[in-house]
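What follows is the content of final.txt, which has compact mmCIF, C-alpha atoms:
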# COMPACT_ATOMS: atom_id res chain seq x y z
CA MET A 163 49.18 51.60 -9.47
CA SER A 164 50.97 49.12 -7.26
CA LYS A 165 49.13 46.41 -5.35
CA LYS A 166 50.10 47.87 -1.98
CA GLN A 167 48.51 51.21 -2.83
CA LYS A 168 45.42 49.46 -4.14
CA LYS A 169 44.74 47.67 -0.86
CA LYS A 170 44.52 50.96 1.01
CA LEU A 171 41.78 52.36 -1.24
CA PRO A 172 38.15 52.19 -0.12
CA PRO A 173 36.03 49.62 -2.00
CA VAL A 174 34.24 52.28 -4.08
CA GLN A 175 37.53 53.52 -5.43
CA GLN A 176 38.72 50.00 -6.12
CA GLU A 177 35.57 49.46 -8.16
CA TYR A 178 36.27 52.68 -10.01
CA GLN A 179 39.85 51.61 -10.74
CA ALA A 180 38.61 48.36 -12.24
CA PHE A 181 35.95 50.26 -14.23
CA ALA A 182 38.46 52.81 -15.53
CA LYS A 183 40.87 50.07 -16.49
CA LYS A 184 38.19 48.42 -18.61
CA ARG A 185 37.39 51.68 -20.41
CA GLU A 186 41.01 52.58 -21.07
CA PRO A 187 41.64 52.34 -24.81
CA ALA A 188 43.90 49.43 -25.75
CA ARG A 189 47.35 50.61 -26.72
CA PRO A 190 48.30 49.87 -30.31
CA VAL A 191 51.35 47.86 -29.28
CA VAL A 192 52.37 46.67 -32.74
CA LYS A 193 52.11 50.11 -34.31
CA ASN A 194 54.05 51.67 -31.43
CA CYS A 195 56.74 49.02 -31.72
CA ILE A 196 57.17 49.65 -35.45
CA ARG A 197 57.50 53.37 -34.81
CA ALA A 198 59.97 52.79 -31.97
CA PHE A 199 61.97 50.47 -34.23
CA LEU A 200 62.12 52.97 -37.11
CA VAL A 201 63.00 56.04 -35.04
CA GLY A 202 65.32 54.23 -32.61
CA GLY A 203 67.05 52.52 -35.51
CA SER A 204 67.44 55.84 -37.34
CA ILE A 205 69.02 57.47 -34.29
CA CYS A 206 71.52 54.61 -34.05
CA LEU A 207 72.13 54.86 -37.80
CA LEU A 208 72.86 58.56 -37.36
CA GLY A 209 75.20 57.61 -34.51
CA GLN A 210 77.00 55.17 -36.81
CA LEU A 211 77.35 57.92 -39.46
CA ILE A 212 78.78 60.33 -36.89
CA SER A 213 81.25 57.77 -35.55
CA THR A 214 82.35 56.92 -39.11
CA PHE A 215 82.92 60.64 -39.59
CA TYR A 216 85.07 60.83 -36.44
CA MET A 217 87.06 57.77 -37.49
CA ARG A 218 87.74 59.10 -40.95
CA PHE A 219 88.55 62.76 -40.26
CA PHE A 220 89.85 62.69 -36.69
CA ASP A 221 92.23 60.44 -34.85
CA PHE A 222 89.69 58.00 -33.41
CA ASN A 223 89.45 54.24 -33.77
CA GLU A 224 86.41 52.00 -33.52
CA LYS A 225 86.62 51.77 -29.73
CA THR A 226 87.26 55.44 -28.93
CA ALA A 227 84.87 56.92 -31.51
CA SER A 228 81.80 56.16 -29.41
CA ASP A 229 82.61 58.89 -26.84
CA PRO A 230 82.55 61.87 -29.24
CA THR A 231 79.61 60.24 -31.04
CA VAL A 232 77.56 60.11 -27.86
CA ALA A 233 78.54 63.71 -27.03
CA THR A 234 77.49 64.87 -30.51
CA LEU A 235 74.15 63.06 -30.30
CA ILE A 236 73.56 64.62 -26.89
CA PHE A 237 74.34 68.06 -28.33
CA ILE A 238 71.83 67.54 -31.15
CA ALA A 239 69.19 66.23 -28.74
CA VAL A 240 69.64 69.18 -26.37
CA LEU A 241 69.33 71.61 -29.27
CA LEU A 242 66.15 69.91 -30.51
CA THR A 243 64.77 69.91 -26.96
CA GLY A 244 65.44 73.64 -26.67
CA PHE A 245 63.54 74.34 -29.87
CA GLY A 246 60.69 72.13 -28.65
CA VAL A 247 61.09 69.71 -31.56
CA TYR A 248 62.26 66.68 -29.60
CA ASP A 249 59.03 66.33 -27.67
CA ASN A 250 57.04 66.35 -30.89
CA ILE A 251 59.14 63.52 -32.28
CA ALA A 252 58.88 61.70 -28.95
CA GLN A 253 55.08 61.87 -29.09
CA TRP A 254 55.19 59.88 -32.29
CA ALA A 255 58.13 57.60 -31.58
CA GLY A 256 57.59 56.55 -27.95
CA ALA A 257 60.51 54.43 -26.79
CA GLY A 258 62.33 55.10 -30.07
CA THR A 259 63.44 58.47 -28.71
CA ALA A 260 63.48 57.54 -25.01
CA ILE A 261 65.85 54.57 -25.08
CA PRO A 262 68.79 56.00 -27.08
CA VAL A 263 71.18 58.27 -25.20
CA THR A 264 69.35 61.21 -26.79
CA GLY A 265 66.42 60.46 -24.49
CA PHE A 266 68.74 60.87 -21.52
CA ALA A 267 69.89 64.23 -22.90
CA ASN A 268 66.28 65.23 -23.46
CA ALA A 269 65.36 64.38 -19.86
CA VAL A 270 68.31 66.37 -18.49
CA SER A 271 67.87 69.46 -20.66
CA SER A 272 64.07 69.64 -20.47
CA ALA A 273 64.23 69.51 -16.66
CA ALA A 274 66.94 72.21 -16.70
CA ILE A 275 64.97 74.49 -19.02
CA GLU A 276 61.70 73.92 -17.21
CA HIS A 277 63.08 74.91 -13.80
CA ARG A 278 65.12 77.88 -15.03
CA ALA A 279 62.56 80.26 -13.52
CA GLU A 280 63.37 78.98 -10.02
CA GLY A 281 66.93 80.24 -10.35
CA LEU A 282 70.25 78.85 -11.49
CA VAL A 283 71.22 77.02 -8.32
CA LEU A 284 67.95 75.72 -6.91
CA GLY A 285 66.18 75.51 -10.27
CA VAL A 286 68.63 74.42 -12.92
CA GLY A 287 71.27 72.87 -10.67
CA GLY A 288 68.86 71.14 -8.34
CA ASN A 289 66.41 69.79 -10.90
CA MET A 290 68.64 68.85 -13.82
CA PHE A 291 68.73 65.18 -12.85
CA LYS A 292 65.16 65.02 -11.58
CA LEU A 293 64.10 62.75 -14.45
CA ALA A 294 67.43 61.29 -15.56
CA GLY A 295 68.91 60.72 -12.10
CA SER A 296 67.40 57.26 -11.68
CA VAL A 297 69.37 56.02 -14.69
CA ILE A 298 72.64 57.16 -13.14
CA VAL A 299 71.80 55.88 -9.66
CA PHE A 300 70.74 52.41 -10.77
CA GLY A 301 73.51 52.20 -13.34
CA VAL A 302 76.20 53.06 -10.81
CA VAL A 303 74.82 50.84 -8.05
CA SER A 304 74.46 47.84 -10.34
CA ALA A 305 77.90 48.46 -11.87
CA PHE A 306 79.34 48.60 -8.35
CA VAL A 307 77.71 45.32 -7.32
CA ILE A 308 78.77 43.58 -10.53
CA GLY A 309 82.27 45.01 -10.24
CA ILE A 310 82.65 43.77 -6.66
CA ILE A 311 81.36 40.30 -7.59
CA LYS A 312 83.72 40.06 -10.54
CA VAL A 313 86.72 41.24 -8.52
CA ILE A 314 86.02 38.66 -5.83
CA LEU A 315 85.43 35.85 -8.32
CA MET A 316 88.55 36.69 -10.27
CA GLY A 317 90.52 36.96 -7.05
CA MET A 318 92.12 40.30 -7.82
CA GLY A 319 91.41 41.94 -4.49
CA GLY A 320 94.60 43.97 -4.64
CA MET B 214 76.65 46.38 -43.49
CA ASN B 215 77.82 48.35 -40.46
CA PHE B 216 74.99 50.79 -40.96
CA PHE B 217 72.39 48.08 -41.50
CA TRP B 218 73.18 46.28 -38.24
CA ALA B 219 73.38 49.57 -36.33
CA PHE B 220 69.84 50.34 -37.50
CA VAL B 221 68.43 46.88 -36.79
CA VAL B 222 70.04 46.29 -33.39
CA GLY B 223 69.36 49.84 -32.19
CA GLY B 224 65.77 49.57 -33.39
CA LEU B 225 65.26 46.24 -31.64
CA ILE B 226 66.52 47.58 -28.31
CA CYS B 227 63.98 50.41 -28.65
CA VAL B 228 61.24 47.86 -29.40
CA VAL B 229 62.11 46.10 -26.13
CA GLY B 230 61.67 49.47 -24.40
CA GLN B 231 58.35 50.08 -26.18
CA ILE B 232 57.07 46.67 -25.07
CA MET B 233 58.00 47.53 -21.48
CA PHE B 234 56.04 50.80 -21.90
CA ASP B 235 52.92 49.32 -23.45
CA VAL B 236 52.65 45.74 -22.28
CA PHE B 237 54.09 45.99 -18.76
CA ARG B 238 52.84 49.58 -18.26
CA LEU B 239 56.16 50.84 -16.91
CA THR B 240 57.04 54.53 -16.77
CA PRO B 241 59.93 55.75 -18.98
CA ALA B 242 62.05 56.17 -15.82
CA HIS B 243 61.50 52.54 -14.79
CA THR B 244 62.13 51.33 -18.32
CA THR B 245 65.40 53.19 -18.78
CA SER B 246 66.57 52.17 -15.29
CA ILE B 247 65.86 48.50 -16.02
CA LEU B 248 67.64 48.74 -19.38
CA VAL B 249 70.70 50.34 -17.78
CA VAL B 250 70.86 47.59 -15.19
CA SER B 251 70.47 44.93 -17.91
CA GLY B 252 73.30 46.54 -19.86
CA ALA B 253 75.48 46.38 -16.76
CA VAL B 254 74.55 42.73 -16.14
CA LEU B 255 75.20 41.78 -19.78
CA ASP B 256 78.60 43.44 -19.57
CA GLY B 257 79.26 41.58 -16.32
CA PHE B 258 78.89 38.33 -18.28
CA GLY B 259 81.07 39.73 -21.05
CA LEU B 260 78.22 39.78 -23.56
CA TYR B 261 77.84 43.49 -24.31
CA GLU B 262 81.22 44.20 -25.90
CA PRO B 263 80.76 41.57 -28.62
CA LEU B 264 77.41 43.23 -29.38
CA ILE B 265 79.14 46.61 -29.80
CA ASP B 266 81.74 45.00 -32.07
CA PHE B 267 78.90 43.57 -34.12
CA ALA B 268 76.42 46.46 -34.23
CA GLY B 269 78.57 49.55 -33.59
CA ALA B 270 76.40 52.53 -32.75
CA GLY B 271 73.36 50.22 -32.68
CA ALA B 272 74.66 48.95 -29.34
CA SER B 273 76.61 51.98 -28.12
CA VAL B 274 73.86 54.61 -28.57
CA PRO B 275 70.96 53.00 -26.61
CA ILE B 276 70.99 53.63 -22.86
CA THR B 277 71.94 49.97 -22.19
CA SER B 278 75.48 50.87 -23.24
CA PHE B 279 75.61 53.34 -20.34
CA GLY B 280 75.31 50.49 -17.85
CA SER B 281 77.79 48.42 -19.78
CA ALA B 282 80.29 51.32 -19.92
CA LEU B 283 80.00 51.84 -16.15
CA VAL B 284 80.99 48.22 -15.57
CA ARG B 285 83.78 48.43 -18.16
CA GLY B 286 85.25 51.50 -16.46
CA ALA B 287 85.01 49.87 -13.04
CA MET B 288 86.68 46.67 -14.24
CA ALA B 289 89.47 48.46 -16.11
CA GLU B 290 90.40 50.35 -12.96
CA ALA B 291 89.92 47.25 -10.78
CA GLU B 292 92.56 45.44 -12.80
CA ARG B 293 95.02 48.15 -11.79
CA HIS B 294 93.99 48.91 -8.22
CA GLY B 295 91.85 46.02 -7.01
CA LEU B 296 88.63 46.56 -5.04
CA VAL B 297 89.12 50.33 -4.68
CA GLY B 298 89.27 50.60 -8.44
CA VAL B 299 85.64 49.53 -8.72
CA ILE B 300 84.64 52.84 -7.13
CA THR B 301 87.26 55.09 -8.67
CA GLY B 302 86.76 53.71 -12.17
CA ILE B 303 82.98 53.65 -12.53
CA PHE B 304 82.68 56.96 -14.40
CA GLU B 305 85.88 56.54 -16.40
CA VAL B 306 84.27 55.52 -19.68
CA THR B 307 80.93 57.31 -19.35
CA SER B 308 82.44 60.71 -18.66
CA ALA B 309 81.71 61.95 -22.19
CA GLY B 310 77.97 61.28 -21.97
CA ILE B 311 77.41 62.68 -18.50
CA SER B 312 79.64 65.74 -18.96
CA ALA B 313 78.06 66.54 -22.32
CA ALA B 314 74.55 66.20 -20.90
CA ILE B 315 75.35 68.47 -17.92
CA ILE B 316 77.20 71.12 -19.94
CA PHE B 317 74.80 71.32 -22.88
CA GLY B 318 71.80 71.02 -20.57
CA PHE B 319 73.03 73.93 -18.49
CA LEU B 320 73.75 76.09 -21.54
CA ALA B 321 70.32 75.22 -22.94
CA ALA B 322 68.70 76.38 -19.69
CA LEU B 323 70.47 79.74 -20.12
CA ILE B 324 69.44 80.17 -23.74
CA PHE B 325 66.00 78.61 -24.19
CA ARG B 326 62.66 79.38 -22.57
CA PRO B 327 60.21 76.60 -21.69
CA LYS B 328 57.73 75.77 -24.48
CA GLY B 329 54.02 75.29 -23.91
Give the structure from this file in structure tokens form.
Amino acid sequence: MSKKQKKKLPPVQQEYQAFAKKREPARPVVKNCIRAFLVGGSICLLGQLISTFYMRFFDFNEKTASDPTVATLIFIAVLLTGFGVYDNIAQWAGAGTAIPVTGFANAVSSAAIEHRAEGLVLGVGGNMFKLAGSVIVFGVVSAFVIGIIKVILMGMGG
Amino acid sequence: MNFFWAFVVGGLICVVGQIMFDVFRLTPAHTTSILVVSGAVLDGFGLYEPLIDFAGAGASVPITSFGSALVRGAMAEAERHGLVGVITGIFEVTSAGISAAIIFGFLAALIFRPKG
């Protein structure tokens, strides 16, 4: 809870927040980090295997192979999300499944599946980026700002 | 060696995310947003591409590469068209990831039913 929200609470609730915070079980940070490392590393290892595959059997080089690799990983992640397996792995792996691009695919597809009942347009179309949208928004805005700064610094304004 | 560094670098980026989860108590949405922005900033300083050369998928699979790819697309187009290129080029490199996520996500919504 942010500090601004906290100030608005009546004193009793503030006391309760402090009390609840004390009782909250400590998170096993080291164990979680090891899990995140193993699972996240394995996903990247799988990505490296897939991109080696694309380089060897299709006409891709080291630079261009990452596009089909990412698309393949997203396909696998969406499939696992559909079967309900991805969330089970995510429970165990924490950030290990959230940080790779598969986590992005999981956020998109789980939101799409979850809101299917509300219809194709308002449900699936409208909610697909409910969870993953922030990544795109902040990515694009920061890329825009950085791009503008670089263009001005390098003096290539047209 | 390729595979080893992909595993280690990819794993380490996930550990950074886990620390943001557990130690700084950030939500997954905040964590991924911050990582995307850091990827974009690193690319702005020209530091992310060497990491991809070094770690391969270890650097190109984590979400940080999304931010870096947005900047790379913007800059590639900016070299050709100047300031306007920053806007027209942003999604040039990341098209594969976003298109795949939208298409497969949509198909999944048609096929699968929510679990639990």
Could the residues of chain A that have an atom at most 7 Å from chain B be listed as a Markdown table, each with its closest atom pair and the distance in Å to one decimal, counting only C-alpha atoms and ordered by chain and ascending residue number?
| residue | atom | partner | partner_atom | distance |
| --- | --- | --- | --- | --- |
| A:Arg189 | CA | B:Asp235 | CA | 6.6 |
| A:Val191 | CA | B:Asp235 | CA | 6.2 |
| A:Asn194 | CA | B:Gln231 | CA | 7.0 |
| A:Cys195 | CA | B:Val228 | CA | 5.2 |
| A:Ala198 | CA | B:Val228 | CA | 5.7 |
| A:Phe199 | CA | B:Gly224 | CA | 4.0 |
| A:Leu200 | CA | B:Gly224 | CA | 6.2 |
| A:Gly202 | CA | B:Gly224 | CA | 4.7 |
| A:Gly203 | CA | B:Gly224 | CA | 3.9 |
| A:Ser204 | CA | B:Phe220 | CA | 6.0 |
| A:Cys206 | CA | B:Gly271 | CA | 5.0 |
| A:Leu207 | CA | B:Phe220 | CA | 5.1 |
| A:Gly209 | CA | B:Ala270 | CA | 5.5 |
| A:Gln210 | CA | B:Ala270 | CA | 4.9 |
| A:Ser228 | CA | B:Ser273 | CA | 6.8 |
| A:Asp229 | CA | B:Ala309 | CA | 5.6 |
| A:Val232 | CA | B:Gly310 | CA | 6.0 |
| A:Ala233 | CA | B:Ala313 | CA | 5.5 |
| A:Ile236 | CA | B:Ala314 | CA | 6.3 |
| A:Phe237 | CA | B:Phe317 | CA | 6.4 |
| A:Val240 | CA | B:Gly318 | CA | 6.5 |
| A:Gly244 | CA | B:Phe325 | CA | 5.6 |
| A:Gly246 | CA | B:Lys328 | CA | 6.3 |
| A:Gly256 | CA | B:Gln231 | CA | 6.8 |
| A:Ala257 | CA | B:Gln231 | CA | 4.9 |
| A:Gly258 | CA | B:Cys227 | CA | 5.2 |
| A:Ile261 | CA | B:Pro275 | CA | 5.6 |
| A:Pro262 | CA | B:Pro275 | CA | 3.7 |
| A:Val263 | CA | B:Ile276 | CA | 5.2 |
| A:Ala267 | CA | B:Ala314 | CA | 5.4 |
| A:Val270 | CA | B:Gly318 | CA | 6.2 |
| A:Ser271 | CA | B:Gly318 | CA | 4.2 |
| A:Ala274 | CA | B:Ala322 | CA | 5.4 |
| A:Ile275 | CA | B:Ala322 | CA | 4.2 |
| A:Glu276 | CA | B:Pro327 | CA | 5.4 |
| A:Arg278 | CA | B:Ala322 | CA | 6.1 |
| A:Ser296 | CA | B:Ser246 | CA | 6.3 |
| A:Val297 | CA | B:Ser246 | CA | 4.8 |
| A:Phe300 | CA | B:Ser246 | CA | 6.2 |
| A:Gly301 | CA | B:Gly280 | CA | 5.1 |
| A:Val302 | CA | B:Leu283 | CA | 6.7 |
| A:Ser304 | CA | B:Val250 | CA | 6.0 |
| A:Ala305 | CA | B:Val284 | CA | 4.8 |
| A:Phe306 | CA | B:Val299 | CA | 6.4 |
| A:Ile308 | CA | B:Gly257 | CA | 6.1 |
| A:Gly309 | CA | B:Val299 | CA | 5.8 |
| A:Ile310 | CA | B:Leu296 | CA | 6.8 |
| A:Val313 | CA | B:Leu296 | CA | 6.6 |
| A:Met318 | CA | B:Gly295 | CA | 5.8 |
| A:Gly319 | CA | B:Gly295 | CA | 4.8 |
| A:Gly320 | CA | B:Gly295 | CA | 4.2 |
Selected residues written out with C-alpha atoms, as a CSV table (one decimal), in the coordinates of the input:
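Contents of again.csv, as written:
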chain,number,residue,atom,x,y,z
A,189,ARG,CA,47.4,50.6,-26.7
A,191,VAL,CA,51.4,47.9,-29.3
A,194,ASN,CA,54.0,51.7,-31.4
A,195,CYS,CA,56.7,49.0,-31.7
A,198,ALA,CA,60.0,52.8,-32.0
A,199,PHE,CA,62.0,50.5,-34.2
A,200,LEU,CA,62.1,53.0,-37.1
A,202,GLY,CA,65.3,54.2,-32.6
A,203,GLY,CA,67.0,52.5,-35.5
A,204,SER,CA,67.4,55.8,-37.3
A,206,CYS,CA,71.5,54.6,-34.0
A,207,LEU,CA,72.1,54.9,-37.8
A,209,GLY,CA,75.2,57.6,-34.5
A,210,GLN,CA,77.0,55.2,-36.8
A,228,SER,CA,81.8,56.2,-29.4
A,229,ASP,CA,82.6,58.9,-26.8
A,232,VAL,CA,77.6,60.1,-27.9
A,233,ALA,CA,78.5,63.7,-27.0
A,236,ILE,CA,73.6,64.6,-26.9
A,237,PHE,CA,74.3,68.1,-28.3
A,240,VAL,CA,69.6,69.2,-26.4
A,244,GLY,CA,65.4,73.6,-26.7
A,246,GLY,CA,60.7,72.1,-28.6
A,256,GLY,CA,57.6,56.6,-28.0
A,257,ALA,CA,60.5,54.4,-26.8
A,258,GLY,CA,62.3,55.1,-30.1
A,261,ILE,CA,65.8,54.6,-25.1
A,262,PRO,CA,68.8,56.0,-27.1
A,263,VAL,CA,71.2,58.3,-25.2
A,267,ALA,CA,69.9,64.2,-22.9
A,270,VAL,CA,68.3,66.4,-18.5
A,271,SER,CA,67.9,69.5,-20.7
A,274,ALA,CA,66.9,72.2,-16.7
A,275,ILE,CA,65.0,74.5,-19.0
A,276,GLU,CA,61.7,73.9,-17.2
A,278,ARG,CA,65.1,77.9,-15.0
A,296,SER,CA,67.4,57.3,-11.7
A,297,VAL,CA,69.4,56.0,-14.7
A,300,PHE,CA,70.7,52.4,-10.8
A,301,GLY,CA,73.5,52.2,-13.3
A,302,VAL,CA,76.2,53.1,-10.8
A,304,SER,CA,74.5,47.8,-10.3
A,305,ALA,CA,77.9,48.5,-11.9
A,306,PHE,CA,79.3,48.6,-8.4
A,308,ILE,CA,78.8,43.6,-10.5
A,309,GLY,CA,82.3,45.0,-10.2
A,310,ILE,CA,82.6,43.8,-6.7
A,313,VAL,CA,86.7,41.2,-8.5
A,318,MET,CA,92.1,40.3,-7.8
A,319,GLY,CA,91.4,41.9,-4.5
A,320,GLY,CA,94.6,44.0,-4.6
Computed interatomic separation between atom CA of A:Ala294 and atom CA of A:Thr264 (Å)
11.4 Å
One decimal, in Å: what's the spacing between atom CA of B:Leu264 and atom CA of A:Gln253?
29.1 Å
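Rounded to one decimal, atom CA of A:Pro230 and atom CA of A:Thr214 lie 11.0 Å from each other.
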Is it possible to dump stretch 222-233 of chain A as an mmCIF file, in the first residue's frame, including just N, CA and C atoms?
data_model
loop_
_atom_site.group_PDB
_atom_site.id
_atom_site.type_symbol
_atom_site.label_atom_id
_atom_site.label_comp_id
_atom_site.auth_asym_id
_atom_site.auth_seq_id
_atom_site.Cartn_x
_atom_site.Cartn_y
_atom_site.Cartn_z
ATOM 1 N N PHE A 222 17.989 -18.522 -41.249
ATOM 2 C CA PHE A 222 18.101 -17.418 -40.302
ATOM 3 C C PHE A 222 19.546 -17.294 -39.838
ATOM 4 N N ASN A 223 19.962 -16.064 -39.524
ATOM 5 C CA ASN A 223 21.278 -15.916 -38.900
ATOM 6 C C ASN A 223 21.090 -15.534 -37.433
ATOM 7 N N GLU A 224 22.218 -15.305 -36.756
ATOM 8 C CA GLU A 224 22.152 -15.073 -35.314
ATOM 9 C C GLU A 224 21.248 -13.906 -34.946
ATOM 10 N N LYS A 225 21.234 -12.867 -35.789
ATOM 11 C CA LYS A 225 20.443 -11.672 -35.470
ATOM 12 C C LYS A 225 18.955 -11.911 -35.715
ATOM 13 N N THR A 226 18.637 -12.569 -36.855
ATOM 14 C CA THR A 226 17.224 -12.692 -37.221
ATOM 15 C C THR A 226 16.541 -13.872 -36.536
ATOM 16 N N ALA A 227 17.306 -14.796 -35.968
ATOM 17 C CA ALA A 227 16.695 -16.003 -35.397
ATOM 18 C C ALA A 227 15.867 -15.705 -34.157
ATOM 19 N N SER A 228 16.101 -14.542 -33.513
ATOM 20 C CA SER A 228 15.398 -14.302 -32.257
ATOM 21 C C SER A 228 13.906 -14.052 -32.476
ATOM 22 N N ASP A 229 13.516 -13.543 -33.653
ATOM 23 C CA ASP A 229 12.083 -13.307 -33.904
ATOM 24 C C ASP A 229 11.273 -14.597 -33.922
ATOM 25 N N PRO A 230 11.626 -15.581 -34.795
ATOM 26 C CA PRO A 230 10.871 -16.838 -34.758
ATOM 27 C C PRO A 230 11.017 -17.574 -33.422
ATOM 28 N N THR A 231 12.150 -17.401 -32.755
ATOM 29 C CA THR A 231 12.322 -18.038 -31.443
ATOM 30 C C THR A 231 11.304 -17.513 -30.453
ATOM 31 N N VAL A 232 11.197 -16.170 -30.401
ATOM 32 C CA VAL A 232 10.238 -15.564 -29.483
ATOM 33 C C VAL A 232 8.818 -16.016 -29.827
ATOM 34 N N ALA A 233 8.501 -16.052 -31.134
ATOM 35 C CA ALA A 233 7.155 -16.466 -31.539
ATOM 36 C C ALA A 233 6.887 -17.912 -31.123
#
